[in-house]
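Asks: Got a structure for you, questions after.
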Amino acid sequence: MPKGKTHKGLLKRVRISKTGKVSHRSAFHKHLSSHKSGKRLRQLRKDPFVTTSEAKRFEKMLFRRLRGRAQPLAALKRSPSPEQKRAIKAAKRAAESKD
């Protein structure tokens with residue numbers, strides 16, 4: 001089975017934080033703002049992070065686990081710290097020597 005490829009167009013337009021949140025620039029905010037109302041421009045400035053449902057769609061496109069705005073940190077699978085790795089190895093060795 002072939003490897004999954006990341007969607008390069010999406011990758012160029014989003015920024016993924018260390019916690020797995022996805023931020024992006026809102027559309028219609030870059031230029032031609034003179035005819036747009038102040039309220040509309042203020043609303044375009046808000047909340048650069050994607051929603052949970054969009055993050056789910058982005059996961060499929062980027063082949064990577066992400067976290068939406070409403071998802072808890074527990075939704076991300078974290079790799080264990082070096083101390084935790086040592087403890088896991090010690091527990092495995094103890095189980096093997098016990099058998």
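Here, A, B, ... name the chains of the structure tokens in the order displayed, residue numbers run from 1 inside each chain, and ligands are numbered from 1 in the same displayed order.
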Taking the backbone alone, and naming residues the way the document does, which bits of chain A are alpha helix (DSSP H) by DSSP, as a PyMOL selection string?

Replies: chain A and resi 8-13+38-45+52-62+82-98

Asks: As a VMD selection string, please: the residues near stretch 58-75 of chain A (cut-off 7 Å, only C-alpha atoms, same-chain neighbours under 5 positions excluded).

Replies: chain A and resid 4 6 to 7 20 to 21 49 to 52

Asks: Do you know which residues are at most 9 Å from A:Pro48 counting only C-alpha atoms, after dropping those on the same chain fewer than 4 positions away, and could you put them as a list in words?

Replies: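 The residues satisfying every condition are Val22, Ser23, His24, Arg25, Ser26 and Leu44 of chain A.
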
Asks: Report, in Å to a single decimal, how far apart atom CA of A:Gln43 and atom CA of A:Arg15 are.

Replies: 20.2 Å
